[in-house]
Amino acid sequence: MLGIIESYYDAFNHGDAERILSLIDEGLLHEPCQAMPRQGIGAYREFLDKRLRCYKERAIDPLVLYSPGITHAAAEFILEGKYVKTDEPFPPARGQHYRLRAGAFFEIGGNRITRLTMHYNLADWIDQVSA
């Protein structure tokens with residue numbers, strides 16, 4: 001049986017927004033890499049819809065670590081993707097492929113993800129899709 005974070009990445013790798021959202025708490029705090037935080041499942045749904053529209057991505061071999069009591073988790077993985085639709089204010093999409101090391105931090109409560117904080121090298125991603 002998969003843990004909640006492994007289930008999140010399995011759903012992410014299948015582009016299954018509804019399954020992802022079923023793992024998210026209504027009051028989720030989402031802190032994307034180098035962008036303003038957003039609060040609530042509605043705001044995360046908007047982010048996720050745009051993400052799935054503009055990018056085709058996979059988290060390759062996520063390594064997930066849980067705290068005692070499973071209240072926090074961390075994951076490290078390679079984010080492999082294809083930029084398929086322009087996401088303003090970033091460079092135009094032309095089907096560029098990219099590969100980045102990424103990390104995420106989670107808080108878990110009531111068997112749901114209550115906080116998701118993402119980290120990756122945005123400058124490296126911009127270089128890859130601008131080449």
# chains A, B, ... in the order shown; residues from 1 in each chain; ligands from 1
$ residues_around --residues "Ala11 in chain A" --least-positions-apart "4" --cutoff "6 Å" --atoms "only C-alpha atoms" --output "list in words"
Asp16, Arg19 and Ile20 of chain A
$ write_last_selection --atoms "C-alpha atoms" --output "PDB file, in the first residue's frame"
ATOM      1  CA  ASP A  16      -4.915  12.468 -12.495  1.00  0.00           C
ATOM      2  CA  ARG A  19      -6.958  11.788  -7.452  1.00  0.00           C
ATOM      3  CA  ILE A  20      -4.395  14.444  -6.516  1.00  0.00           C
TER       4      ILE A  20
END
$ residues_around --residues "Gly40 in chain A" --least-positions-apart "4" --cutoff "9 Å" --atoms "only C-alpha atoms" --output "list in words"
Asp25, Glu26, Gly27, Leu28, Leu29, His30, Tyr44 and Arg45 of chain A
$ write_last_selection --atoms "all heavy atoms" --output "short mmCIF file (atom, residue, chain, number, x, y, z; two decimals), in the first residue's frame"
data_model
loop_
_atom_site.label_atom_id
_atom_site.label_comp_id
_atom_site.auth_asym_id
_atom_site.auth_seq_id
_atom_site.Cartn_x
_atom_site.Cartn_y
_atom_site.Cartn_z
N ASP A 25 -5.97 18.63 1.63
CA ASP A 25 -6.88 19.22 2.60
C ASP A 25 -7.52 20.49 2.03
O ASP A 25 -6.88 21.20 1.24
CB ASP A 25 -6.09 19.56 3.87
CG ASP A 25 -6.95 20.09 4.97
OD1 ASP A 25 -7.63 19.27 5.63
OD2 ASP A 25 -6.96 21.33 5.18
N GLU A 26 -8.74 20.77 2.43
CA GLU A 26 -9.46 21.98 1.96
C GLU A 26 -8.66 23.25 2.20
O GLU A 26 -8.74 24.19 1.43
CB GLU A 26 -10.81 22.09 2.65
CG GLU A 26 -11.83 21.07 2.20
CD GLU A 26 -12.34 21.32 0.79
OE1 GLU A 26 -12.45 22.48 0.36
OE2 GLU A 26 -12.62 20.32 0.11
N GLY A 27 -7.90 23.31 3.29
CA GLY A 27 -7.15 24.52 3.64
C GLY A 27 -5.70 24.50 3.23
O GLY A 27 -4.89 25.26 3.76
N LEU A 28 -5.33 23.65 2.27
CA LEU A 28 -3.93 23.50 1.85
C LEU A 28 -3.22 24.84 1.73
O LEU A 28 -3.74 25.78 1.13
CB LEU A 28 -3.88 22.80 0.48
CG LEU A 28 -2.49 22.71 -0.15
CD1 LEU A 28 -1.66 21.63 0.53
CD2 LEU A 28 -2.58 22.46 -1.63
N LEU A 29 -1.99 24.90 2.26
CA LEU A 29 -1.07 26.00 1.98
C LEU A 29 -0.10 25.48 0.93
O LEU A 29 0.66 24.54 1.19
CB LEU A 29 -0.32 26.44 3.24
CG LEU A 29 0.79 27.47 3.00
CD1 LEU A 29 0.23 28.76 2.37
CD2 LEU A 29 1.52 27.77 4.29
N HIS A 30 -0.14 26.08 -0.26
CA HIS A 30 0.74 25.68 -1.36
C HIS A 30 1.77 26.78 -1.57
O HIS A 30 1.42 27.93 -1.83
CB HIS A 30 -0.08 25.47 -2.64
CG HIS A 30 0.76 25.13 -3.81
ND1 HIS A 30 0.60 25.72 -5.03
CD2 HIS A 30 1.78 24.24 -3.97
CE1 HIS A 30 1.47 25.23 -5.89
NE2 HIS A 30 2.20 24.33 -5.27
N TYR A 44 -5.46 25.77 -5.33
CA TYR A 44 -4.57 24.71 -5.80
C TYR A 44 -5.14 24.04 -7.05
O TYR A 44 -4.40 23.70 -7.97
CB TYR A 44 -4.31 23.67 -4.70
CG TYR A 44 -3.26 22.68 -5.12
CD1 TYR A 44 -1.93 23.06 -5.19
CD2 TYR A 44 -3.59 21.38 -5.47
CE1 TYR A 44 -0.95 22.16 -5.60
CE2 TYR A 44 -2.62 20.48 -5.86
CZ TYR A 44 -1.30 20.88 -5.93
OH TYR A 44 -0.34 19.98 -6.35
N ARG A 45 -6.47 23.87 -7.11
CA ARG A 45 -7.10 23.30 -8.30
C ARG A 45 -6.79 24.14 -9.53
O ARG A 45 -6.46 23.62 -10.60
CB ARG A 45 -8.60 23.16 -8.11
CG ARG A 45 -9.32 22.58 -9.33
CD ARG A 45 -10.83 22.59 -9.18
NE ARG A 45 -11.29 21.71 -8.14
CZ ARG A 45 -11.54 20.40 -8.30
NH1 ARG A 45 -11.35 19.84 -9.48
NH2 ARG A 45 -11.96 19.68 -7.30
#
$ closest_residue --among "A:Glu76, A:Asp124, A:Asp61, A:Glu6" --to "Ala104 in chain A" --atoms "only C-alpha atoms"
A:Glu76
$ atom_distance --atom1 "CA of Ile60 in chain A" --atom2 "CA of Tyr98 in chain A"
12.6 Å
$ closest_atom_pairs --of "range 82-115 of chain A" --to "range 66-73 of chain A" --cutoff "12 Å" --atoms "only C-alpha atoms" --output "JSON lines"
{"residue": "A:Gly103", "atom": "CA", "partner": "A:Ala73", "partner_atom": "CA", "distance": 10.8}
{"residue": "A:Ala104", "atom": "CA", "partner": "A:Ala73", "partner_atom": "CA", "distance": 8.3}
{"residue": "A:Phe105", "atom": "CA", "partner": "A:Ala73", "partner_atom": "CA", "distance": 5.9}
{"residue": "A:Phe106", "atom": "CA", "partner": "A:Ala73", "partner_atom": "CA", "distance": 5.0}
{"residue": "A:Glu107", "atom": "CA", "partner": "A:His72", "partner_atom": "CA", "distance": 4.5}
{"residue": "A:Ile108", "atom": "CA", "partner": "A:Thr71", "partner_atom": "CA", "distance": 4.8}
{"residue": "A:Gly109", "atom": "CA", "partner": "A:Thr71", "partner_atom": "CA", "distance": 6.3}
{"residue": "A:Gly110", "atom": "CA", "partner": "A:Thr71", "partner_atom": "CA", "distance": 9.3}
{"residue": "A:Asn111", "atom": "CA", "partner": "A:Thr71", "partner_atom": "CA", "distance": 9.1}
{"residue": "A:Arg112", "atom": "CA", "partner": "A:Thr71", "partner_atom": "CA", "distance": 9.9}
{"residue": "A:Ile113", "atom": "CA", "partner": "A:His72", "partner_atom": "CA", "distance": 9.2}
{"residue": "A:Thr114", "atom": "CA", "partner": "A:Thr71", "partner_atom": "CA", "distance": 9.6}
{"residue": "A:Arg115", "atom": "CA", "partner": "A:His72", "partner_atom": "CA", "distance": 9.1}
$ closest_residue --among "A:Glu80, A:Phe12, A:Met36, A:Trp125" --to "Leu48 in chain A" --atoms "only C-alpha atoms"
A:Phe12
$ closest_residue --among "A:Phe47, A:Lys82, A:Ser7, A:Pro32" --to "Ala102 in chain A" --atoms "only C-alpha atoms"
A:Pro32
$ closest_residue --among "A:Tyr83, A:Arg101, A:Leu2, A:Pro89" --to "Val129 in chain A" --atoms "only C-alpha atoms"
A:Tyr83
$ residues_around --residues "Ile126 in chain A" --least-positions-apart "6" --cutoff "12 Å" --atoms "only C-alpha atoms" --output "ChimeraX atom specification"
/A:83,87,89-93,96-100,120
$ write_last_selection --atoms "C-alpha atoms" --output "mmCIF file, in the first residue's frame"
data_model
loop_
_atom_site.group_PDB
_atom_site.id
_atom_site.type_symbol
_atom_site.label_atom_id
_atom_site.label_comp_id
_atom_site.auth_asym_id
_atom_site.auth_seq_id
_atom_site.Cartn_x
_atom_site.Cartn_y
_atom_site.Cartn_z
ATOM 1 C CA TYR A 83 6.686 22.328 -22.007
ATOM 2 C CA ASP A 87 2.798 29.727 -19.288
ATOM 3 C CA PRO A 89 5.528 35.152 -18.046
ATOM 4 C CA PHE A 90 7.872 32.327 -19.071
ATOM 5 C CA PRO A 91 9.419 31.773 -22.537
ATOM 6 C CA PRO A 92 7.126 30.516 -25.329
ATOM 7 C CA ALA A 93 6.397 26.791 -25.325
ATOM 8 C CA GLN A 96 10.881 21.743 -25.139
ATOM 9 C CA HIS A 97 12.051 18.889 -22.910
ATOM 10 C CA TYR A 98 13.623 19.541 -19.520
ATOM 11 C CA ARG A 99 15.017 17.656 -16.567
ATOM 12 C CA LEU A 100 15.484 19.111 -13.062
ATOM 13 C CA TYR A 120 13.803 23.459 -7.838
#
$ closest_residue --among "A:Gly3, A:Leu52, A:Leu63, A:Gly81" --to "Gln128 in chain A" --atoms "only C-alpha atoms"
A:Gly81
$ select_by_dssp --residues "chain A" --states "strand (DSSP E)" --output "ChimeraX atom specification"
/A:24-31,38-39,55-66,72-83,96-109,112-120
$ closest_residue --among "A:Asp10, A:Ser130, A:Leu79, A:Val84" --to "Tyr55 in chain A" --atoms "only C-alpha atoms"
A:Val84
$ atom_distance --atom1 "CA of Asn13 in chain A" --atom2 "CA of Lys56 in chain A"
8.9 Å
